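Next comes entry.tsv, with TSV, C-alpha atoms.
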chain	number	residue	atom	x	y	z
A	228	MET	CA	29.07	33.02	-36.89
A	229	ALA	CA	27.91	29.49	-36.03
A	230	LEU	CA	24.98	28.07	-37.95
A	231	ASP	CA	21.65	27.59	-36.21
A	232	SER	CA	19.87	24.38	-37.27
A	233	ALA	CA	16.42	25.72	-36.34
A	234	GLN	CA	16.99	28.82	-38.47
A	235	LEU	CA	18.27	26.69	-41.36
A	236	CYS	CA	15.25	24.41	-41.09
A	237	GLN	CA	12.91	27.41	-41.08
A	238	SER	CA	14.54	28.71	-44.29
A	239	MET	CA	14.18	25.32	-46.00
A	240	VAL	CA	10.54	25.02	-44.92
A	241	ALA	CA	9.85	28.51	-46.32
A	242	GLU	CA	11.48	27.56	-49.64
A	243	ALA	CA	9.60	24.25	-49.89
A	244	ALA	CA	6.32	25.96	-49.00
A	245	ALA	CA	6.94	28.63	-51.66
A	246	VAL	CA	7.61	26.00	-54.34
A	247	LEU	CA	4.69	23.74	-53.44
A	248	GLY	CA	2.22	26.49	-52.50
A	249	ARG	CA	-0.92	25.23	-50.79
A	250	ASP	CA	0.09	21.63	-51.56
A	251	TRP	CA	2.80	22.00	-48.91
A	252	SER	CA	0.20	21.58	-46.16
A	253	LYS	CA	-0.49	18.03	-47.38
A	254	ALA	CA	3.13	16.98	-46.85
A	255	CYS	CA	4.52	19.28	-44.19
A	256	SER	CA	3.85	17.06	-41.16
A	257	TRP	CA	6.14	14.44	-42.63
A	258	ALA	CA	8.60	16.74	-44.42
A	259	GLU	CA	9.47	19.19	-41.65
A	260	PRO	CA	11.22	16.63	-39.40
A	261	GLN	CA	13.25	15.50	-42.43
A	262	LEU	CA	14.32	19.08	-43.12
A	263	LEU	CA	15.37	19.45	-39.48
A	264	ARG	CA	17.57	16.34	-39.85
A	265	ILE	CA	19.22	17.89	-42.90
A	266	ALA	CA	19.73	21.18	-41.02
A	267	ASN	CA	21.35	19.31	-38.11
A	268	ALA	CA	23.67	17.50	-40.52
A	269	ILE	CA	24.69	20.84	-42.09
A	270	VAL	CA	25.52	22.24	-38.63
A	271	ASP	CA	27.48	19.05	-37.88
A	272	ILE	CA	29.51	19.53	-41.10
A	273	GLU	CA	30.26	23.14	-40.15
A	274	LEU	CA	31.43	22.11	-36.65
A	275	GLU	CA	33.66	19.32	-37.97
A	276	ARG	CA	35.12	21.68	-40.57
A	277	ALA	CA	35.85	24.26	-37.84
A	278	ALA	CA	37.49	21.51	-35.76
A	279	GLY	CA	39.75	20.65	-38.70
A	280	LYS	CA	38.29	17.15	-39.16
A	281	LEU	CA	37.01	17.93	-42.68
A	282	THR	CA	38.81	19.64	-45.57
A	283	GLU	CA	37.01	22.28	-47.58
A	284	ASP	CA	36.51	19.76	-50.38
A	285	ASP	CA	35.10	17.17	-47.93
A	286	ALA	CA	32.67	19.75	-46.52
A	287	ARG	CA	31.59	20.77	-50.03
A	288	ARG	CA	30.85	17.17	-51.02
A	289	LEU	CA	28.95	16.45	-47.81
A	290	LEU	CA	26.89	19.64	-48.19
A	291	ARG	CA	26.06	18.63	-51.76
A	292	MET	CA	24.74	15.35	-50.38
A	293	GLN	CA	22.45	17.26	-47.98
A	294	THR	CA	21.18	19.35	-50.91
A	295	ARG	CA	20.23	16.17	-52.73
A	296	ALA	CA	18.52	14.83	-49.60
A	297	PHE	CA	16.48	18.07	-49.63
A	298	GLY	CA	15.65	17.32	-53.29
A	299	SER	CA	14.31	13.89	-52.27
A	300	VAL	CA	12.09	15.43	-49.57
A	301	ARG	CA	10.79	18.01	-52.05
A	302	SER	CA	10.11	15.30	-54.64
A	303	THR	CA	8.12	13.13	-52.21
A	304	SER	CA	6.19	16.14	-50.87
A	305	SER	CA	5.20	17.03	-54.41
A	306	ALA	CA	4.18	13.41	-55.15
A	307	ILE	CA	2.03	13.23	-51.99
A	308	ALA	CA	0.24	16.39	-53.14
A	309	THR	CA	-0.27	14.91	-56.64
A	310	VAL	CA	-1.77	11.70	-55.22
A	311	THR	CA	-4.12	13.80	-53.07
A	312	VAL	CA	-5.31	15.69	-56.17
A	313	GLU	CA	-5.72	12.39	-58.03
A	314	LYS	CA	-7.85	10.94	-55.20
A	315	ALA	CA	-10.04	14.06	-55.24
A	316	LEU	CA	-10.53	13.86	-59.02
A	317	ASN	CA	-11.45	10.17	-58.84
A	318	ALA	CA	-13.88	10.82	-55.97
A	319	ALA	CA	-15.53	13.56	-58.05
A	320	LEU	CA	-15.69	11.23	-61.04
A	321	ALA	CA	-17.26	8.46	-58.95
A	322	VAL	CA	-20.06	10.82	-57.85
A	323	ILE	CA	-21.13	11.65	-61.41
A	324	ARG	CA	-20.49	8.20	-62.93
A	325	GLU	CA	-23.92	6.67	-62.36
A	326	PRO	CA	-26.14	9.65	-63.36
A	327	VAL	CA	-24.03	10.46	-66.43
A	328	ASN	CA	-23.85	6.90	-67.69
A	329	LYS	CA	-27.56	6.41	-66.99
A	330	ALA	CA	-28.51	9.59	-68.87
A	331	LEU	CA	-26.35	8.70	-71.84
A	332	GLY	CA	-27.41	5.07	-71.91
A	333	PHE	CA	-23.86	3.76	-72.10
A	334	GLY	CA	-20.73	3.77	-69.92
A	335	LEU	CA	-18.90	6.94	-70.85
A	336	VAL	CA	-17.51	7.71	-67.37
B	150	MET	CA	19.90	24.70	-54.58
B	151	GLU	CA	20.03	22.20	-57.41
B	152	ARG	CA	16.99	20.34	-58.77
B	153	LEU	CA	14.47	22.66	-57.17
B	154	ALA	CA	11.24	23.06	-59.13
B	155	ARG	CA	10.32	26.75	-59.41
B	156	PRO	CA	6.72	27.95	-58.96
B	157	GLY	CA	6.38	28.35	-62.75
B	158	THR	CA	7.38	24.74	-63.23
B	159	VAL	CA	4.84	23.61	-60.65
B	160	ARG	CA	2.12	25.65	-62.40
B	161	ARG	CA	3.04	24.15	-65.77
B	162	ALA	CA	3.03	20.64	-64.24
B	163	ALA	CA	-0.39	21.35	-62.71
B	164	SER	CA	-1.72	22.47	-66.11
B	165	VAL	CA	-0.39	19.33	-67.78
B	166	ALA	CA	-1.88	17.21	-64.98
B	167	LEU	CA	-5.25	18.95	-65.41
B	168	LEU	CA	-5.16	18.37	-69.16
B	169	ALA	CA	-4.26	14.71	-68.63
B	170	ALA	CA	-7.07	14.38	-66.12
B	171	THR	CA	-9.55	15.94	-68.55
B	172	VAL	CA	-8.49	13.59	-71.34
B	173	SER	CA	-8.78	10.61	-69.00
B	174	LEU	CA	-12.23	11.74	-67.84
B	175	THR	CA	-13.61	12.14	-71.33
B	176	ALA	CA	-12.13	8.81	-72.36
B	177	GLY	CA	-13.95	7.10	-69.49
B	178	CYS	CA	-10.73	6.11	-67.70
B	179	HIS	CA	-9.64	6.19	-64.10
B	180	VAL	CA	-7.49	9.29	-63.47
B	181	ARG	CA	-3.81	8.53	-62.91
B	182	LEU	CA	-1.54	11.54	-62.38
B	183	ILE	CA	1.48	9.60	-61.09
B	184	SER	CA	2.87	6.09	-61.57
B	185	GLU	CA	1.37	2.92	-60.14
B	186	TYR	CA	2.88	1.27	-57.06
B	187	ASP	CA	5.48	-1.36	-57.99
B	188	PRO	CA	6.07	-3.88	-55.16
B	189	VAL	CA	9.25	-5.16	-56.83
B	190	ILE	CA	10.80	-1.69	-56.72
B	191	ASP	CA	9.68	-1.22	-53.11
B	192	ALA	CA	11.17	-4.55	-51.95
B	193	SER	CA	14.38	-4.25	-53.98
B	194	PHE	CA	14.90	-0.71	-52.72
B	195	ALA	CA	14.60	-1.90	-49.10
B	196	GLU	CA	17.35	-4.48	-49.71
B	197	LEU	CA	19.68	-1.95	-51.36
B	198	ALA	CA	19.05	0.65	-48.64
B	199	THR	CA	19.94	-1.95	-46.00
B	200	GLU	CA	23.09	-2.87	-47.90
B	201	LEU	CA	24.22	0.76	-48.18
B	202	ASP	CA	23.42	1.54	-44.55
B	203	ALA	CA	25.36	-1.55	-43.46
B	204	LEU	CA	28.38	-0.33	-45.46
B	205	LEU	CA	28.20	3.08	-43.76
B	206	ALA	CA	27.80	1.51	-40.30
B	207	LYS	CA	30.86	-0.68	-40.92
B	208	LEU	CA	32.92	2.26	-42.15
B	209	GLU	CA	32.03	4.26	-39.04
B	210	ALA	CA	32.79	1.35	-36.70
B	211	ARG	CA	36.11	0.54	-38.42
B	212	GLU	CA	37.46	4.09	-38.49
B	213	GLY	CA	41.26	4.13	-38.38
B	214	THR	CA	41.65	0.40	-39.13
B	215	PRO	CA	42.87	-1.21	-42.38
B	216	ALA	CA	39.27	-2.41	-42.95
B	217	ALA	CA	38.23	1.22	-43.53
B	218	ALA	CA	40.60	1.71	-46.50
B	219	TYR	CA	38.97	2.56	-49.83
B	220	ALA	CA	40.47	-0.41	-51.68
B	221	VAL	CA	38.91	-2.85	-49.20
B	222	ASN	CA	35.45	-1.38	-49.72
B	223	GLU	CA	35.54	-0.40	-53.41
B	224	ASP	CA	33.50	-3.38	-54.62
B	225	SER	CA	30.67	-2.55	-52.21
B	226	TYR	CA	30.20	0.82	-53.93
B	227	PHE	CA	30.11	-0.76	-57.39
B	228	ASP	CA	27.64	-3.45	-56.25
B	229	VAL	CA	25.21	-1.11	-54.51
B	230	ALA	CA	25.33	1.47	-57.32
B	231	ALA	CA	24.66	-1.26	-59.89
B	232	GLY	CA	21.62	-2.33	-57.87
B	233	PHE	CA	20.20	1.18	-57.76
B	234	ARG	CA	20.88	1.66	-61.50
B	235	THR	CA	18.94	-1.52	-62.32
B	236	LEU	CA	16.08	-0.29	-60.18
B	237	ARG	CA	16.16	3.02	-62.04
B	238	MET	CA	15.93	1.18	-65.38
B	239	ARG	CA	12.87	-0.72	-64.18
B	240	ALA	CA	11.23	2.43	-62.85
B	241	SER	CA	11.92	4.47	-65.98
B	242	VAL	CA	9.84	2.22	-68.24
B	243	ALA	CA	6.68	2.78	-66.17
B	244	PRO	CA	4.45	5.70	-67.22
B	245	LYS	CA	4.52	8.86	-65.07
B	246	SER	CA	7.40	7.53	-62.97
B	247	GLY	CA	9.32	10.83	-62.87
B	248	ALA	CA	9.29	11.13	-59.07
B	249	VAL	CA	10.63	7.59	-58.54
B	250	VAL	CA	13.34	8.02	-61.18
B	251	GLU	CA	14.33	11.44	-59.82
B	252	GLN	CA	14.79	10.05	-56.31
B	253	LEU	CA	16.88	7.12	-57.55
B	254	ASP	CA	19.04	9.59	-59.51
B	255	LEU	CA	19.58	11.69	-56.38
B	256	ILE	CA	20.63	8.60	-54.42
B	257	LEU	CA	22.99	7.48	-57.19
B	258	GLU	CA	24.60	10.93	-57.27
B	259	ASN	CA	25.11	10.78	-53.50
B	260	ILE	CA	26.67	7.31	-53.75
B	261	GLN	CA	29.06	8.68	-56.37
B	262	ASP	CA	30.02	11.63	-54.15
B	263	LEU	CA	30.56	9.34	-51.15
B	264	GLN	CA	32.68	6.97	-53.23
B	265	GLU	CA	34.83	9.83	-54.55
B	266	LEU	CA	35.22	11.18	-51.02
B	267	HIS	CA	36.30	7.73	-49.79
B	268	ARG	CA	38.65	7.26	-52.75
B	269	SER	CA	40.32	10.60	-51.95
B	270	LYS	CA	41.15	9.29	-48.44
B	271	GLY	CA	42.84	6.13	-49.79
B	272	GLU	CA	44.39	3.90	-47.13
B	273	VAL	CA	43.22	6.08	-44.24
B	274	GLY	CA	39.55	5.72	-45.12
B	275	LEU	CA	36.65	7.81	-43.93
B	276	SER	CA	36.25	9.13	-40.40
B	277	ALA	CA	33.07	9.43	-38.34
B	278	ALA	CA	33.07	13.14	-39.28
B	279	HIS	CA	32.56	12.04	-42.90
B	280	VAL	CA	30.23	9.12	-42.34
B	281	ARG	CA	27.74	10.70	-39.91
B	282	PRO	CA	26.41	13.46	-42.21
B	283	ALA	CA	26.56	11.15	-45.24
B	284	ARG	CA	24.54	8.52	-43.40
B	285	GLU	CA	22.00	11.13	-42.36
B	286	ALA	CA	21.60	12.32	-45.97
B	287	PHE	CA	20.96	8.74	-47.12
B	288	ALA	CA	18.56	8.11	-44.22
B	289	VAL	CA	16.48	11.13	-45.29
B	290	GLN	CA	16.57	9.93	-48.90
B	291	PHE	CA	15.51	6.39	-47.94
B	292	GLU	CA	12.65	7.66	-45.81
B	293	SER	CA	11.58	9.96	-48.66
B	294	PHE	CA	11.53	7.01	-51.04
B	295	PHE	CA	9.53	4.80	-48.66
B	296	ARG	CA	7.09	7.65	-48.05
B	297	LEU	CA	6.72	8.02	-51.81
B	298	GLN	CA	6.00	4.29	-52.15
B	299	ALA	CA	3.37	4.56	-49.41
B	300	ALA	CA	1.72	7.42	-51.34
B	301	LEU	CA	1.81	5.38	-54.56
B	302	ARG	CA	-0.04	2.53	-52.82
B	303	ARG	CA	-2.95	5.01	-52.59
B	304	GLU	CA	-4.29	3.47	-49.37
Would you encode the structure as structure tokens?
Amino acid sequence: MALDSAQLCQSMVAEAAAVLGRDWSKACSWAEPQLLRIANAIVDIELERAAGKLTEDDARRLLRMQTRAFGSVRSTSSAIATVTVEKALNAALAVIREPVNKALGFGLV
Amino acid sequence: MERLARPGTVRRAASVALLAATVSLTAGCHVRLISEYDPVIDASFAELATELDALLAKLEAREGTPAAAYAVNEDSYFDVAAGFRTLRMRASVAPKSGAVVEQLDLILENIQDLQELHRSKGEVGLSAAHVRPAREAFAVQFESFFRLQAALRRE
């Protein structure tokens, strides 16, 4: 049965969302089109293999490259989420800086 | 799938990040959960990505000609891989640079796979059926890296 790139993309999105949890929402607008590109490349590899233009070993190598591309998307998505958390923590810190330092009489925060 | 962080790993990373944040807060420091932006890495990466994409474009355009043979292009693989390895070395000395290093590792592994694929084709070289999906994988990786750099700029 021929692969469906939309279905493949949906599966990858579900996996990425499961790994990143609610942080996925911070990165998904950028990440989903990337995952669709990977899914299209996987379908392309399957078609070329069926047409005899790729050996099994060629197809395996090229699929491994798509898996690593997925790893890069996952890594960036996770980093975007981390930076968002960092910004939130620093914003929270900025709010309490003045009253805390004033109350203590020295610059703790 | 290789290199996928499992939910447990993410939870552990979140706990470590929270602990680091707490320590930073009590020490009166600015919270940093991930590495600083490095403009040298950003600029050098752009040059290497261009170099690698140019190699792939040439291979696709020269399909079936002597210019597509592995031996003719072997040095380009060594040069571009050496560039990415140097970048990795620079990135790895910066604190909390795991995401940058991981992405450079993934690109280096893909360069190695592409080189081995090309080597296996010898005089014939790669066809468009090989180059197209490989180029797409690198394009996604490059965009991921640039997006990461944009996040690290914290604008």
(request) Compute the set of chain A residues within 6 Å of chain B, using only C-alpha atoms, and express it as an MDAnalysis selection string. (result) chainID A and resid 246 268 292:293 295:296 299:300 303 307 335:336
(request) Find the distance between CA of Asp271 (chain A) and CA of Gly298 (chain A) and write it in Å to one decimal. (result) 19.5 Å
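Between CA of Ser225 (chain B) and CA of Ala195 (chain B) there is a distance of 16.4 Å.
Separating CA of Ser256 (chain A) from CA of Ala315 (chain A) is a distance of 20.0 Å.
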(request) Would you please work out which residue, of A:Thr311, A:Glu242, A:Ala229, A:Glu259, is nearest to Ala277 (chain A) when using all atoms listed in the file? (result) A:Ala229
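The closest residue to Phe194 (chain B), picked from B:Leu236, B:Leu257, B:Val221, B:Val250 and counting only C-alpha atoms, is B:Leu236.
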(request) Name the residues within 8 Å of (1.9, 19.9, -51.5), counting only C-alpha atoms in the file's coordinates, and put them as JSON, numbers by chain. (result) {"A": [244, 247, 248, 249, 250, 251, 252, 253, 254, 255, 304, 305, 306, 307, 308, 309]}
Show me, as AutoDock Vina command-line options, the centre and edge lengths in Å to one decimal of the axis-aligned box that covers every listed atom of region 247-255 of chain B with 5 Å on each side.
--center_x 14.4 --center_y 9.4 --center_z -59.6 --size_x 20.3 --size_y 14.6 --size_z 16.6
Missing atoms in region 186-213 of chain B need filling: write out N, CA and C atoms for it as a tab-separated table (two decimals), keeping the file's coordinate frame.
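Final output, result.tsv:
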chain	number	residue	atom	x	y	z
B	186	TYR	N	1.98	1.88	-58.04
B	186	TYR	CA	2.88	1.27	-57.06
B	186	TYR	C	3.49	0.01	-57.65
B	187	ASP	N	4.79	-0.16	-57.50
B	187	ASP	CA	5.48	-1.36	-57.99
B	187	ASP	C	6.12	-2.06	-56.79
B	188	PRO	N	5.53	-3.19	-56.35
B	188	PRO	CA	6.07	-3.88	-55.16
B	188	PRO	C	7.50	-4.39	-55.34
B	189	VAL	N	7.88	-4.68	-56.59
B	189	VAL	CA	9.25	-5.16	-56.83
B	189	VAL	C	10.24	-4.04	-56.53
B	190	ILE	N	9.92	-2.83	-56.99
B	190	ILE	CA	10.80	-1.69	-56.72
B	190	ILE	C	10.87	-1.43	-55.21
B	191	ASP	N	9.73	-1.47	-54.55
B	191	ASP	CA	9.68	-1.22	-53.11
B	191	ASP	C	10.57	-2.21	-52.35
B	192	ALA	N	10.41	-3.51	-52.66
B	192	ALA	CA	11.17	-4.55	-51.95
B	192	ALA	C	12.66	-4.50	-52.28
B	193	SER	N	12.97	-4.30	-53.57
B	193	SER	CA	14.38	-4.25	-53.98
B	193	SER	C	15.06	-3.04	-53.37
B	194	PHE	N	14.32	-1.92	-53.31
B	194	PHE	CA	14.90	-0.71	-52.72
B	194	PHE	C	15.25	-0.96	-51.25
B	195	ALA	N	14.35	-1.64	-50.53
B	195	ALA	CA	14.60	-1.90	-49.10
B	195	ALA	C	15.90	-2.70	-48.92
B	196	GLU	N	16.12	-3.68	-49.81
B	196	GLU	CA	17.35	-4.48	-49.71
B	196	GLU	C	18.59	-3.63	-49.97
B	197	LEU	N	18.52	-2.79	-51.01
B	197	LEU	CA	19.68	-1.95	-51.36
B	197	LEU	C	19.96	-0.90	-50.27
B	198	ALA	N	18.88	-0.34	-49.71
B	198	ALA	CA	19.05	0.65	-48.64
B	198	ALA	C	19.73	0.01	-47.44
B	199	THR	N	19.33	-1.22	-47.12
B	199	THR	CA	19.94	-1.95	-46.00
B	199	THR	C	21.42	-2.19	-46.27
B	200	GLU	N	21.71	-2.58	-47.50
B	200	GLU	CA	23.09	-2.87	-47.90
B	200	GLU	C	23.97	-1.62	-47.76
B	201	LEU	N	23.44	-0.49	-48.23
B	201	LEU	CA	24.22	0.76	-48.18
B	201	LEU	C	24.38	1.24	-46.74
B	202	ASP	N	23.32	1.12	-45.95
B	202	ASP	CA	23.42	1.54	-44.55
B	202	ASP	C	24.40	0.66	-43.79
B	203	ALA	N	24.42	-0.63	-44.11
B	203	ALA	CA	25.36	-1.55	-43.46
B	203	ALA	C	26.80	-1.16	-43.80
B	204	LEU	N	27.04	-0.77	-45.05
B	204	LEU	CA	28.38	-0.33	-45.46
B	204	LEU	C	28.79	0.90	-44.63
B	205	LEU	N	27.88	1.85	-44.50
B	205	LEU	CA	28.20	3.08	-43.76
B	205	LEU	C	28.43	2.78	-42.27
B	206	ALA	N	27.63	1.88	-41.72
B	206	ALA	CA	27.80	1.51	-40.30
B	206	ALA	C	29.16	0.86	-40.08
B	207	LYS	N	29.56	0.00	-41.03
B	207	LYS	CA	30.86	-0.68	-40.92
B	207	LYS	C	31.99	0.32	-41.03
B	208	LEU	N	31.86	1.26	-41.97
B	208	LEU	CA	32.92	2.26	-42.15
B	208	LEU	C	33.09	3.10	-40.89
B	209	GLU	N	31.97	3.44	-40.26
B	209	GLU	CA	32.03	4.26	-39.04
B	209	GLU	C	32.66	3.46	-37.89
B	210	ALA	N	32.28	2.19	-37.79
B	210	ALA	CA	32.79	1.35	-36.70
B	210	ALA	C	34.27	1.01	-36.88
B	211	ARG	N	34.73	0.97	-38.14
B	211	ARG	CA	36.11	0.54	-38.42
B	211	ARG	C	37.04	1.71	-38.70
B	212	GLU	N	36.64	2.90	-38.27
B	212	GLU	CA	37.46	4.09	-38.49
B	212	GLU	C	38.89	3.87	-37.97
B	213	GLY	N	39.86	4.22	-38.81
B	213	GLY	CA	41.26	4.13	-38.38
B	213	GLY	C	41.86	2.75	-38.49
